[in-house]
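For reference, structure.cif is printed below; it contains mmCIF, C-alpha atoms and all ligand atoms.
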```cif
data_work
#
loop_
_atom_site.label_atom_id
_atom_site.label_comp_id
_atom_site.auth_asym_id
_atom_site.auth_seq_id
_atom_site.Cartn_x
_atom_site.Cartn_y
_atom_site.Cartn_z
CA MET Q 1 0.00 0.00 0.00
CA LYS Q 2 1.23 3.48 -0.91
CA VAL Q 3 0.34 5.91 1.86
CA LEU Q 4 0.44 9.72 1.95
CA VAL Q 5 0.31 11.42 5.37
CA ILE Q 6 -0.70 15.10 5.55
CA GLY Q 7 0.85 17.26 8.26
CA GLY Q 8 4.22 18.00 9.76
CA GLY Q 9 4.20 17.64 13.54
CA ALA Q 10 5.15 14.97 16.06
CA ARG Q 11 1.74 13.32 15.67
CA GLU Q 12 2.45 12.88 11.96
CA HIS Q 13 5.96 11.64 12.78
CA ALA Q 14 4.42 9.03 15.10
CA LEU Q 15 1.94 8.02 12.38
CA CYS Q 16 4.72 7.82 9.79
CA ARG Q 17 6.95 5.83 12.13
CA SER Q 18 4.21 3.25 12.73
CA LEU Q 19 3.32 3.11 9.03
CA SER Q 20 6.99 2.69 8.10
CA LEU Q 21 7.13 -0.36 10.39
CA ASP Q 22 4.06 -1.91 8.70
CA PRO Q 23 5.12 -4.58 6.16
CA ASP Q 24 2.04 -3.79 4.02
CA VAL Q 25 3.27 -0.25 3.38
CA THR Q 26 5.38 -0.26 0.21
CA ALA Q 27 5.82 3.50 -0.13
CA LEU Q 28 5.37 6.24 2.44
CA TYR Q 29 5.02 9.93 1.61
CA CYS Q 30 4.44 12.91 3.88
CA ALA Q 31 3.46 16.47 3.00
CA PRO Q 32 4.83 18.80 4.12
CA GLY Q 33 6.56 16.74 6.88
CA ASN Q 34 9.59 17.85 8.87
CA ALA Q 35 13.27 16.98 9.32
CA GLY Q 36 12.54 13.86 11.39
CA ILE Q 37 9.76 12.52 9.19
CA ALA Q 38 12.19 12.74 6.26
CA GLU Q 39 14.04 9.77 7.77
CA VAL Q 40 11.05 7.44 7.28
CA ALA Q 41 9.00 9.05 4.48
CA GLU Q 42 9.57 10.89 1.21
CA LEU Q 43 8.60 14.53 1.74
CA HIS Q 44 6.59 16.66 -0.69
CA PRO Q 45 5.66 20.31 -0.29
CA VAL Q 46 1.94 21.06 -0.20
CA ASP Q 47 -0.47 23.61 1.17
CA ALA Q 48 -2.17 21.21 3.60
CA LEU Q 49 -5.30 23.43 3.70
CA ASP Q 50 -5.81 23.22 -0.07
CA GLY Q 51 -7.92 20.12 -0.77
CA ASP Q 52 -7.39 20.24 -4.54
CA ALA Q 53 -3.61 20.47 -4.08
CA VAL Q 54 -3.61 17.52 -1.65
CA ALA Q 55 -5.82 15.44 -3.98
CA ARG Q 56 -3.57 16.28 -6.96
CA LEU Q 57 -0.45 15.27 -5.02
CA ALA Q 58 -2.07 12.01 -3.87
CA THR Q 59 -3.07 11.21 -7.46
CA GLU Q 60 0.43 11.99 -8.79
CA LEU Q 61 2.00 9.76 -6.16
CA GLY Q 62 -0.46 6.92 -6.80
CA ALA Q 63 -1.40 6.96 -3.11
CA GLU Q 64 -3.86 4.24 -2.10
CA LEU Q 65 -4.55 5.82 1.29
CA VAL Q 66 -4.30 9.41 2.47
CA VAL Q 67 -4.09 10.04 6.22
CA VAL Q 68 -4.89 13.59 7.32
CA GLY Q 69 -3.20 14.41 10.63
CA PRO Q 70 -4.20 17.90 11.81
CA GLU Q 71 -7.66 19.40 12.37
CA ALA Q 72 -7.36 22.47 10.17
CA PRO Q 73 -7.21 20.56 6.83
CA LEU Q 74 -10.14 18.39 7.94
CA VAL Q 75 -12.25 21.41 8.84
CA ALA Q 76 -11.21 22.90 5.45
CA GLY Q 77 -12.61 19.83 3.63
CA VAL Q 78 -9.35 18.19 2.54
CA ALA Q 79 -10.73 14.66 3.17
CA ASP Q 80 -13.73 15.43 0.93
CA ALA Q 81 -11.44 16.55 -1.90
CA VAL Q 82 -9.28 13.42 -1.61
CA ARG Q 83 -12.34 11.14 -1.62
CA ALA Q 84 -13.79 13.04 -4.60
CA ALA Q 85 -10.59 12.10 -6.46
CA GLY Q 86 -11.40 8.44 -5.78
CA ILE Q 87 -8.71 7.87 -3.14
CA PRO Q 88 -9.55 6.38 0.28
CA CYS Q 89 -8.92 8.93 3.02
CA PHE Q 90 -8.54 8.51 6.77
CA GLY Q 91 -10.25 11.52 8.31
CA PRO Q 92 -13.76 12.96 8.56
CA SER Q 93 -15.58 15.14 6.03
CA ARG Q 94 -15.70 18.90 6.52
CA GLU Q 95 -19.23 18.59 7.92
CA ALA Q 96 -18.37 15.83 10.40
CA ALA Q 97 -15.13 17.58 11.45
CA LEU Q 98 -17.35 20.34 12.85
CA LEU Q 99 -17.47 18.10 15.90
CA GLU Q 100 -14.09 19.66 16.62
CA GLY Q 101 -14.46 22.84 14.55
CA SER Q 102 -17.44 24.12 16.53
CA LYS Q 103 -17.84 23.58 20.27
CA ALA Q 104 -21.52 24.58 19.91
CA PHE Q 105 -22.09 21.88 17.24
CA ALA Q 106 -20.38 19.30 19.49
CA LYS Q 107 -22.67 20.26 22.37
CA ASP Q 108 -25.69 19.87 20.11
CA VAL Q 109 -24.60 16.41 18.97
CA MET Q 110 -23.96 15.36 22.56
CA ALA Q 111 -27.41 16.57 23.59
CA GLY Q 112 -28.95 14.58 20.72
CA ALA Q 113 -26.99 11.45 21.61
CA ASN Q 114 -27.54 11.79 25.36
CA VAL Q 115 -23.77 11.89 25.94
CA PRO Q 116 -22.75 13.13 29.42
CA THR Q 117 -20.98 16.51 29.26
CA ALA Q 118 -20.77 19.81 31.13
CA ARG Q 119 -23.91 21.94 31.12
CA SER Q 120 -23.28 24.92 28.88
CA TYR Q 121 -24.57 28.08 27.23
CA VAL Q 122 -23.69 29.31 23.76
CA CYS Q 123 -23.37 33.12 23.95
CA THR Q 124 -22.99 35.85 21.35
CA THR Q 125 -23.82 39.04 23.32
CA PRO Q 126 -22.30 40.66 26.43
CA ALA Q 127 -25.60 40.23 28.29
CA GLU Q 128 -25.69 36.50 27.53
CA ILE Q 129 -22.07 36.20 28.61
CA ASP Q 130 -22.72 37.87 31.98
CA GLU Q 131 -25.78 35.74 32.56
CA ALA Q 132 -23.88 32.51 31.85
CA LEU Q 133 -20.88 33.50 34.03
CA ASP Q 134 -23.28 34.31 36.88
CA ALA Q 135 -25.20 31.07 36.45
CA PHE Q 136 -22.13 28.86 36.85
CA GLY Q 137 -19.88 30.90 39.15
CA ALA Q 138 -16.14 30.22 39.61
CA PRO Q 139 -14.11 28.48 38.33
CA TYR Q 140 -15.20 29.85 34.97
CA VAL Q 141 -14.77 27.79 31.79
CA VAL Q 142 -14.88 29.92 28.63
CA LYS Q 143 -14.37 28.36 25.20
CA ASP Q 144 -14.00 30.04 21.84
CA ASP Q 145 -16.51 28.30 19.56
CA GLY Q 146 -14.04 27.89 16.69
CA LEU Q 147 -10.69 26.16 16.19
CA ALA Q 148 -7.90 27.64 18.32
CA ALA Q 149 -5.10 25.05 18.32
CA GLY Q 150 -5.96 23.98 21.87
CA LYS Q 151 -5.57 27.54 23.13
CA GLY Q 152 -9.13 28.86 22.89
CA VAL Q 153 -10.12 27.69 26.34
CA VAL Q 154 -9.71 29.77 29.48
CA VAL Q 155 -10.35 28.23 32.91
CA THR Q 156 -10.06 30.85 35.65
CA ASP Q 157 -11.37 32.03 39.01
CA ASP Q 158 -11.09 35.62 37.82
CA VAL Q 159 -14.43 36.76 36.46
CA GLU Q 160 -12.86 39.73 34.64
CA ALA Q 161 -10.41 37.44 32.81
CA ALA Q 162 -13.28 35.10 31.95
CA ARG Q 163 -15.38 37.99 30.65
CA ALA Q 164 -12.48 39.45 28.65
CA HIS Q 165 -11.84 36.13 26.90
CA ALA Q 166 -15.55 35.66 26.19
CA LEU Q 167 -15.89 39.16 24.72
CA ALA Q 168 -12.91 38.53 22.44
CA CYS Q 169 -14.71 35.56 20.82
CA ASP Q 170 -17.40 35.91 18.14
CA ARG Q 171 -19.32 33.03 19.62
CA VAL Q 172 -18.43 31.50 22.94
CA VAL Q 173 -19.41 28.44 24.95
CA ILE Q 174 -19.50 29.01 28.71
CA GLU Q 175 -19.86 25.87 30.75
CA GLU Q 176 -19.87 24.18 34.09
CA PHE Q 177 -16.45 23.38 35.59
CA LEU Q 178 -15.70 19.65 35.61
CA ASP Q 179 -13.57 18.51 38.51
CA GLY Q 180 -11.49 15.35 38.21
CA PRO Q 181 -8.60 13.75 36.35
CA GLU Q 182 -8.63 13.96 32.55
CA VAL Q 183 -8.35 11.07 30.14
CA SER Q 184 -7.95 11.09 26.37
CA LEU Q 185 -9.58 8.14 24.65
CA PHE Q 186 -9.23 7.71 20.89
CA ALA Q 187 -11.44 5.55 18.71
CA ILE Q 188 -11.07 4.67 15.07
CA THR Q 189 -14.40 4.56 13.26
CA ASP Q 190 -15.79 4.16 9.76
CA GLY Q 191 -19.05 5.86 10.66
CA THR Q 192 -20.65 2.69 12.02
CA THR Q 193 -18.10 0.39 13.66
CA VAL Q 194 -16.07 1.90 16.51
CA LEU Q 195 -12.67 0.54 17.57
CA PRO Q 196 -11.36 2.12 20.78
CA LEU Q 197 -7.62 2.55 21.34
CA GLN Q 198 -5.93 2.56 24.76
CA PRO Q 199 -6.48 5.57 27.02
CA ALA Q 200 -3.76 8.15 27.63
CA GLN Q 201 -3.32 11.29 29.70
CA ASP Q 202 -1.76 14.48 28.44
CA PHE Q 203 -0.35 17.54 30.21
CA LYS Q 204 -1.79 20.76 28.86
CA ARG Q 205 -0.12 23.35 31.08
CA ALA Q 206 3.33 24.70 30.27
CA LEU Q 207 4.96 24.24 33.69
CA ASP Q 208 5.50 21.52 36.30
CA GLY Q 209 2.65 20.98 38.73
CA ASP Q 210 0.10 22.03 36.07
CA GLU Q 211 1.09 25.67 36.42
CA GLY Q 212 1.40 28.24 33.67
CA PRO Q 213 -0.59 28.78 30.48
CA ASN Q 214 -2.38 26.15 28.40
CA THR Q 215 -0.37 24.72 25.52
CA GLY Q 216 -0.96 22.24 22.72
CA GLY Q 217 0.38 19.60 25.16
CA MET Q 218 3.71 19.14 26.94
CA GLY Q 219 3.77 15.37 27.39
CA ALA Q 220 1.67 12.23 27.73
CA TYR Q 221 1.67 8.68 29.02
CA SER Q 222 -0.22 5.41 28.61
CA PRO Q 223 -1.56 3.19 30.11
CA LEU Q 224 -3.32 4.78 33.10
CA PRO Q 225 -2.67 2.46 36.07
CA TRP Q 226 -5.07 4.48 38.24
CA ALA Q 227 -8.03 4.25 35.88
CA ASP Q 228 -10.94 1.83 36.25
CA PRO Q 229 -10.29 -1.17 33.97
CA LYS Q 230 -13.90 -0.84 32.78
CA LEU Q 231 -13.36 2.76 31.64
CA VAL Q 232 -12.95 1.98 27.93
CA ASP Q 233 -16.08 -0.17 27.81
CA GLU Q 234 -18.07 2.45 29.66
CA VAL Q 235 -16.93 5.27 27.36
CA MET Q 236 -17.65 3.10 24.32
CA GLN Q 237 -21.23 2.63 25.48
CA THR Q 238 -21.99 6.08 26.85
CA VAL Q 239 -19.92 8.32 24.56
CA LEU Q 240 -18.20 6.90 21.48
CA GLN Q 241 -20.82 4.63 19.91
CA PRO Q 242 -23.76 6.99 20.64
CA THR Q 243 -21.85 9.93 19.12
CA VAL Q 244 -20.94 8.00 15.97
CA ASP Q 245 -24.54 6.78 15.66
CA GLU Q 246 -25.93 10.29 16.16
CA LEU Q 247 -23.69 11.78 13.47
CA ARG Q 248 -24.71 9.03 11.04
CA ARG Q 249 -28.40 9.68 11.85
CA ARG Q 250 -27.89 13.37 11.10
CA GLY Q 251 -26.56 12.53 7.65
CA THR Q 252 -22.99 13.51 8.51
CA PRO Q 253 -21.33 10.16 9.21
CA PHE Q 254 -17.98 10.53 10.97
CA SER Q 255 -15.10 8.38 9.80
CA GLY Q 256 -11.53 8.70 11.02
CA LEU Q 257 -10.33 9.29 14.53
CA LEU Q 258 -12.81 10.33 17.18
CA TYR Q 259 -11.00 11.77 20.18
CA ALA Q 260 -12.91 12.03 23.43
CA GLY Q 261 -11.36 14.33 26.03
CA LEU Q 262 -12.93 13.17 29.29
CA ALA Q 263 -13.11 14.26 32.91
CA ILE Q 264 -13.56 11.53 35.50
CA THR Q 265 -15.77 13.43 37.95
CA ALA Q 266 -17.31 12.30 41.23
CA ARG Q 267 -20.60 12.03 39.34
CA GLY Q 268 -19.15 9.93 36.53
CA VAL Q 269 -17.41 10.35 33.19
CA ARG Q 270 -18.11 13.61 31.33
CA VAL Q 271 -16.94 14.72 27.88
CA ILE Q 272 -14.79 17.86 28.00
CA GLU Q 273 -14.36 18.03 24.25
CA PHE Q 274 -14.25 16.05 21.04
CA ASN Q 275 -11.50 16.25 18.49
CA ALA Q 276 -11.72 14.93 14.96
CA ARG Q 277 -8.16 13.63 14.67
CA PHE Q 278 -5.35 11.94 16.57
CA GLY Q 279 -4.29 14.00 19.60
CA ASP Q 280 -0.81 15.37 19.93
CA PRO Q 281 1.08 14.27 22.10
CA GLU Q 282 -1.13 11.30 23.15
CA THR Q 283 -0.71 9.66 19.73
CA GLN Q 284 3.00 9.34 20.39
CA VAL Q 285 2.40 7.07 23.41
CA VAL Q 286 -0.66 5.24 22.14
CA LEU Q 287 1.01 4.22 18.87
CA ALA Q 288 4.21 3.26 20.72
CA ARG Q 289 2.10 0.59 22.43
CA LEU Q 290 0.08 -0.61 19.42
CA LYS Q 291 1.32 -3.94 18.04
CA THR Q 292 -1.22 -4.30 15.23
CA PRO Q 293 0.16 -2.90 11.95
CA LEU Q 294 -1.46 0.51 11.45
CA ALA Q 295 -2.16 0.83 7.73
CA GLY Q 296 -4.86 -1.86 7.52
CA VAL Q 297 -6.75 -0.33 10.45
CA LEU Q 298 -6.71 3.16 8.92
CA LEU Q 299 -7.72 1.75 5.53
CA GLY Q 300 -10.61 -0.13 7.18
CA SER Q 301 -11.85 3.22 8.49
CA ALA Q 302 -11.40 4.92 5.11
CA ASN Q 303 -13.15 2.09 3.20
CA GLY Q 304 -16.00 1.46 5.62
CA THR Q 305 -14.79 -2.06 6.39
CA LEU Q 306 -13.68 -1.65 9.98
CA ASP Q 307 -15.97 -4.53 11.02
CA LEU Q 308 -13.56 -6.84 9.17
CA VAL Q 309 -10.46 -5.60 11.04
CA PRO Q 310 -9.39 -8.05 13.78
CA ALA Q 311 -9.17 -6.91 17.41
CA LEU Q 312 -6.18 -4.68 18.11
CA ASN Q 313 -3.09 -6.04 19.86
CA TRP Q 314 -1.28 -4.01 22.49
CA ARG Q 315 2.12 -4.24 24.13
CA ASP Q 316 2.11 -4.61 27.91
CA ASP Q 317 4.78 -1.89 27.97
CA ALA Q 318 4.12 1.61 29.23
CA ALA Q 319 5.01 4.65 27.11
CA VAL Q 320 5.92 8.22 28.06
CA THR Q 321 6.53 11.21 25.82
CA VAL Q 322 8.11 14.50 26.88
CA VAL Q 323 7.77 17.57 24.68
CA ILE Q 324 10.77 19.86 24.24
CA ALA Q 325 9.45 23.33 23.41
CA SER Q 326 11.10 26.50 22.16
CA HIS Q 327 12.04 29.47 24.27
CA ASN Q 328 8.89 31.51 25.03
CA TYR Q 329 6.36 28.83 23.95
CA PRO Q 330 3.29 29.08 24.09
CA GLY Q 331 3.85 32.77 23.41
CA THR Q 332 5.64 33.69 20.18
CA PRO Q 333 8.32 31.00 20.13
CA ARG Q 334 11.94 31.59 19.17
CA THR Q 335 12.85 29.44 16.15
CA GLY Q 336 15.94 28.76 14.04
CA ASP Q 337 18.10 27.41 16.89
CA PRO Q 338 20.29 24.37 16.15
CA ILE Q 339 19.28 21.10 17.86
CA GLU Q 340 22.19 18.94 18.98
CA GLY Q 341 22.45 15.44 20.41
CA LEU Q 342 19.69 13.86 18.33
CA ALA Q 343 21.98 11.07 17.15
CA ASP Q 344 23.00 10.27 20.74
CA VAL Q 345 19.47 9.18 21.59
CA VAL Q 346 19.57 6.58 18.84
CA GLU Q 347 23.18 5.48 19.11
CA LYS Q 348 23.73 5.17 22.82
CA ASP Q 349 22.07 2.59 25.05
CA ALA Q 350 18.50 3.71 24.43
CA PRO Q 351 16.84 1.34 21.99
CA ASP Q 352 13.51 1.94 23.68
CA ALA Q 353 13.67 5.70 23.31
CA PHE Q 354 13.10 7.61 20.11
CA VAL Q 355 12.73 11.20 19.08
CA LEU Q 356 9.69 12.36 17.18
CA HIS Q 357 10.07 15.74 15.52
CA ALA Q 358 7.35 18.36 16.00
CA GLY Q 359 8.69 21.66 14.68
CA THR Q 360 12.03 21.13 12.96
CA ARG Q 361 13.63 21.77 9.60
CA GLN Q 362 16.79 20.59 7.95
CA ASP Q 363 19.38 23.25 7.09
CA GLY Q 364 22.32 21.56 5.40
CA ASP Q 365 23.68 19.16 7.99
CA ALA Q 366 21.97 20.95 10.85
CA VAL Q 367 18.49 20.40 12.25
CA LEU Q 368 16.91 23.67 13.40
CA SER Q 369 13.91 24.42 15.61
CA ALA Q 370 10.98 25.62 13.51
CA GLY Q 371 8.00 25.84 15.84
CA GLY Q 372 6.73 26.12 19.41
CA ARG Q 373 6.82 22.44 20.16
CA VAL Q 374 10.08 21.16 18.71
CA LEU Q 375 10.50 17.51 19.70
CA SER Q 376 8.46 14.80 21.37
CA VAL Q 377 10.90 12.45 23.07
CA THR Q 378 9.22 9.08 23.54
CA ALA Q 379 10.23 5.90 25.37
CA THR Q 380 8.69 2.59 26.32
CA GLY Q 381 9.50 0.45 29.36
CA LYS Q 382 8.12 -2.36 31.46
CA ASP Q 383 6.24 0.22 33.53
CA LEU Q 384 5.80 3.99 33.69
CA THR Q 385 8.81 4.39 36.00
CA GLN Q 386 11.14 2.75 33.47
CA ALA Q 387 9.53 4.49 30.49
CA ARG Q 388 9.91 7.91 32.10
CA GLU Q 389 13.51 7.22 33.15
CA ARG Q 390 14.34 6.34 29.55
CA ALA Q 391 12.45 9.30 28.12
CA TYR Q 392 14.14 11.78 30.49
CA THR Q 393 17.57 10.22 29.87
CA ALA Q 394 17.00 10.85 26.18
CA VAL Q 395 15.77 14.40 26.84
CA GLY Q 396 19.00 15.02 28.77
CA ARG Q 397 21.07 14.20 25.70
CA ILE Q 398 19.41 16.81 23.51
CA ARG Q 399 20.64 20.37 23.45
CA LEU Q 400 18.48 23.25 22.22
CA ASP Q 401 19.33 26.72 23.45
CA GLY Q 402 16.58 28.27 25.57
CA SER Q 403 14.34 25.20 25.34
CA GLN Q 404 11.91 24.12 28.05
CA HIS Q 405 10.25 20.89 29.07
CA ARG Q 406 8.24 19.63 32.01
CA THR Q 407 10.06 17.37 34.45
CA ASP Q 408 6.94 15.80 35.95
CA ILE Q 409 5.32 14.00 33.01
CA ALA Q 410 3.75 10.75 34.34
CA ARG Q 411 5.50 11.16 37.72
CA LYS Q 412 2.39 10.97 39.87
CA ALA Q 413 0.97 8.00 37.93
CA ALA Q 414 4.33 6.18 38.14
CA GLU Q 415 4.57 6.80 41.91
CA GLU Q 416 1.04 5.63 42.55
CA ALA Q 417 1.25 2.55 40.32
P1 LIG Q 501 -10.32 21.79 25.49
O1 LIG Q 501 -9.62 22.56 24.41
O2 LIG Q 501 -11.81 21.87 25.43
O3 LIG Q 501 -9.76 20.40 25.69
O4 LIG Q 501 -9.90 22.48 26.85
C1 LIG Q 501 -8.56 22.61 27.22
C2 LIG Q 501 -8.43 22.25 28.66
O5 LIG Q 501 -9.23 23.12 29.45
C3 LIG Q 501 -8.90 20.86 29.00
O6 LIG Q 501 -7.95 19.88 28.79
C4 LIG Q 501 -9.23 21.02 30.47
O7 LIG Q 501 -8.05 20.93 31.25
C5 LIG Q 501 -9.75 22.41 30.55
N1 LIG Q 501 -11.22 22.37 30.50
C6 LIG Q 501 -12.01 22.46 29.40
N2 LIG Q 501 -13.31 22.35 29.72
C7 LIG Q 501 -13.37 22.21 31.06
C8 LIG Q 501 -14.43 22.07 32.01
N3 LIG Q 501 -15.72 22.09 31.65
N4 LIG Q 501 -14.09 21.93 33.30
C9 LIG Q 501 -12.80 21.91 33.70
N5 LIG Q 501 -11.75 22.06 32.87
C10 LIG Q 501 -12.03 22.21 31.56
#
```
Can the structure from this file be put into structure tokens for me?
Ligand code: AMP
Amino acid sequence: MKVLVIGGGAREHALCRSLSLDPDVTALYCAPGNAGIAEVAELHPVDALDGDAVARLATELGAELVVVGPEAPLVAGVADAVRAAGIPCFGPSREAALLEGSKAFAKDVMAGANVPTARSYVCTTPAEIDEALDAFGAPYVVKDDGLAAGKGVVVTDDVEAARAHALACDRVVIEEFLDGPEVSLFAITDGTTVLPLQPAQDFKRALDGDEGPNTGGMGAYSPLPWADPKLVDEVMQTVLQPTVDELRRRGTPFSGLLYAGLAITARGVRVIEFNARFGDPETQVVLARLKTPLAGVLLGSANGTLDLVPALNWRDDAAVTVVIASHNYPGTPRTGDPIEGLADVVEKDAPDAFVLHAGTRQDGDAVLSAGGRVLSVTATGKDLTQARERAYTAVGRIRLDGSQHRTDIARKAAEEA
């Protein structure tokens, strides 16, 4: 199978790495990719938001499967354009991707499917905003309705900060605060059949101890030793299958990756948000644990034949990923700094650690930082303690001037396990 992956972050590097290890994959392309992906896939330039350009590239390459990584191309209709060119595509249509592209749409689908989530108001005027903030009280949860790269959500005790964020949005969802640990659960679906992956937890705040601003994600781990073993079954029954069924009933079947961001509250599991694609950085740890070759599963989703895909196989190993971010991320990050020590992670005694590139570019022999999140250093081990030791050993070998990373990824879960 010839496969084209769209995107250029660590999630796409993780996807490409898994696809490159799949014996059924005869050729692997990525557009636009990054310096790390270039080691496992042939890179092609493309405007990932231009569906016609992506479809043209896929046709030229003879791709038999296109995998769209990020949300923005999905919301822009890239999967529709690829399918219109007669090529199977992993990823939802523009209409179904609204599940991520509009928080208000997601709330409406959840209401229709009876999926447990935070009570919420959709507001467009200052009066509505004040009424909603008053109704819920602190802590305030204020979400920009549209796509905001994981940064459109403000959770604060400060009513003025909550109001200021709400007023800056065209349309805003204000909702009840959900208290409890968060879990990310991914499912692959073809619009009817739903295949859950293993749960993971990510770390959204920039600094240790969950301090500092929200980011795209600073690290992740899987499995979750503290979680109820029945969690996946429960979420399948109460969240994933009903949501997929509801979208099909509405005439907008969802195929691709359905990402449920969940809060485990005292009153039960609640959906915090849906995403329409693999999460970054959770994908890095989930795929590190998946034994089943990836391409056939993604093709089953794209072709509507997921019911024929055998049950997934998982390693018993734990996986941890630690994000190395640029100076000043998540503000305007400094880019163009040389990254050193990458080869050391591979060559020295760390066969269970690997570096996934997020924002990098090749410049002659040098690899330079080219984004806010630069690398996602991933390791597996017999448990979380060993996986995190290996991941942090690898992090210690990499030098990037001014870079930052959290030192507490998976620490609490490893200690409690
Ligand atoms: P989202 O982009 O919707 O995932 O929100 C980003 C982060 O904000 C989540 O991972 C949560 O940590 C937090 N958050 C979002 N909604 C809520 C909520 N209703 N209650 C508590 N925290 C929330």
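For the set Q:Gly69, Q:Gly396, Q:Pro225, Q:Gly251, the residue with the smallest atom-to-atom gap to Q:Ala14 is Q:Gly69, counting only C-alpha atoms.
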| said: Between atom CA of Q:Val322 and atom CA of Q:Arg406, what is the distance in Å, rounded to a tenth? | reply: 7.3 Å
Need the shell around Q:Leu290: protein/DNA/RNA residues with any atom at most 7 Å away, counting only C-alpha atoms. Skip same-chain ones fewer than 5 positions apart. Format as a CSV table (one decimal) with C-alpha atoms, in the coordinates of the input?
```csv
chain,number,residue,atom,x,y,z
Q,313,ASN,CA,-3.1,-6.0,19.9
Q,314,TRP,CA,-1.3,-4.0,22.5
Q,315,ARG,CA,2.1,-4.2,24.1
```
| query | Within 12 Å of Q:Ser18, counting only C-alpha atoms, which residues qualify if same-chain residues fewer than 5 places away don't, as a ChimeraX atom specification? | reply | /Q:3,5,11-13,23-25,28,37,40-41,283-298,356
| said: I want to know what sits within 9 Å of stretch 231-245 of chain Q, based on all atoms listed in the file, with residues of the same chain fewer than 6 positions away left out; could you give that as a PyMOL selection string? | reply: chain Q and resi 109-110+112-116+185+187+189-199+253-255+258-260+269-271
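If you look at atom CA of Q:Val78 and atom CA of Q:Gly146, they are 17.8 Å away from each other.
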| field | Top pick for closest residue to Q:Ala370, considering Q:Leu99, Q:Ala35, Q:Leu19, Q:Ala138 and counting all atoms listed in the file | value |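 Looking only at the distances to Q:Ala370, the closest residue turns out to be Q:Ala35.
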| request: Find the residues around Q:Asp401 up to 10 Å (only C-alpha atoms counted), leave out those fewer than 5 positions away in its own chain, and share them as a PyMOL selection string. | output: chain Q and resi 326-327+334+337-340+369
| said: Considering all atoms listed in the file, can you say which of Q:Gly209, Q:Gly300, Q:Gly359, Q:Pro88 comes closest to Q:Val67? | reply: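 Closest residue, counting all atoms listed in the file: Q:Pro88.
Relative to atom CA of Q:Gly279, atom CA of Q:Thr252 is found at 21.7 Å.
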| message | Can you tell me which residues surround Q:His405 at a distance of at most 9 Å, considering only C-alpha atoms, apart from same-chain residues fewer than 3 positions away, and format the answer as a list in words? | response | Ala206, Leu207, Asp208, Met218, Gly219, Val322, Val323, Ile324, Ala325, Ser326 and Val395 of chain Q
| query | Which of these residues is nearest to Q:Leu384, using only C-alpha atoms: Q:Gln362, Q:Ser403, Q:Thr321, Q:Ser102? | reply |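 Looking at the shortest contact to Q:Leu384, the residue is Q:Thr321.
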| field | Spatial sel., origin (-6.9, 22.6, -2.4), limit 10 Å, only C-alpha atoms, listed as a count of residues only | value | 17
| Between Q:Leu15, Q:Val172, Q:Ala343, Q:Leu257, which one has atoms that come closest to Q:Leu74, using all atoms listed in the file? |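 Nearest candidate to Q:Leu74 out of Q:Leu15, Q:Val172, Q:Ala343, Q:Leu257: Q:Leu257.
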Pop stretch 232-239 of chain Q out of the structure in the block and write N, CA, C and O atoms as a PDB file, in the first residue's frame.
```
ATOM      1  N   VAL Q 232     -12.816   1.965  29.388  1.00  0.00           N
ATOM      2  CA  VAL Q 232     -12.948   1.983  27.926  1.00  0.00           C
ATOM      3  C   VAL Q 232     -14.326   1.465  27.512  1.00  0.00           C
ATOM      4  O   VAL Q 232     -14.998   2.064  26.671  1.00  0.00           O
ATOM      5  N   ASP Q 233     -14.763   0.372  28.142  1.00  0.00           N
ATOM      6  CA  ASP Q 233     -16.083  -0.174  27.813  1.00  0.00           C
ATOM      7  C   ASP Q 233     -17.183   0.831  28.121  1.00  0.00           C
ATOM      8  O   ASP Q 233     -18.121   1.014  27.343  1.00  0.00           O
ATOM      9  N   GLU Q 234     -17.045   1.480  29.257  1.00  0.00           N
ATOM     10  CA  GLU Q 234     -18.069   2.446  29.658  1.00  0.00           C
ATOM     11  C   GLU Q 234     -18.138   3.605  28.663  1.00  0.00           C
ATOM     12  O   GLU Q 234     -19.218   4.016  28.231  1.00  0.00           O
ATOM     13  N   VAL Q 235     -16.957   4.122  28.286  1.00  0.00           N
ATOM     14  CA  VAL Q 235     -16.934   5.274  27.362  1.00  0.00           C
ATOM     15  C   VAL Q 235     -17.416   4.849  25.979  1.00  0.00           C
ATOM     16  O   VAL Q 235     -18.082   5.620  25.275  1.00  0.00           O
ATOM     17  N   MET Q 236     -17.121   3.611  25.591  1.00  0.00           N
ATOM     18  CA  MET Q 236     -17.646   3.097  24.319  1.00  0.00           C
ATOM     19  C   MET Q 236     -19.166   3.182  24.325  1.00  0.00           C
ATOM     20  O   MET Q 236     -19.784   3.641  23.364  1.00  0.00           O
ATOM     21  N   GLN Q 237     -19.764   2.722  25.432  1.00  0.00           N
ATOM     22  CA  GLN Q 237     -21.227   2.627  25.484  1.00  0.00           C
ATOM     23  C   GLN Q 237     -21.915   3.965  25.700  1.00  0.00           C
ATOM     24  O   GLN Q 237     -22.996   4.192  25.168  1.00  0.00           O
ATOM     25  N   THR Q 238     -21.280   4.838  26.498  1.00  0.00           N
ATOM     26  CA  THR Q 238     -21.986   6.079  26.850  1.00  0.00           C
ATOM     27  C   THR Q 238     -21.588   7.249  25.960  1.00  0.00           C
ATOM     28  O   THR Q 238     -22.297   8.247  25.901  1.00  0.00           O
ATOM     29  N   VAL Q 239     -20.429   7.155  25.297  1.00  0.00           N
ATOM     30  CA  VAL Q 239     -19.919   8.319  24.558  1.00  0.00           C
ATOM     31  C   VAL Q 239     -19.641   7.992  23.084  1.00  0.00           C
ATOM     32  O   VAL Q 239     -20.225   8.609  22.180  1.00  0.00           O
TER      33      VAL Q 239
END
```
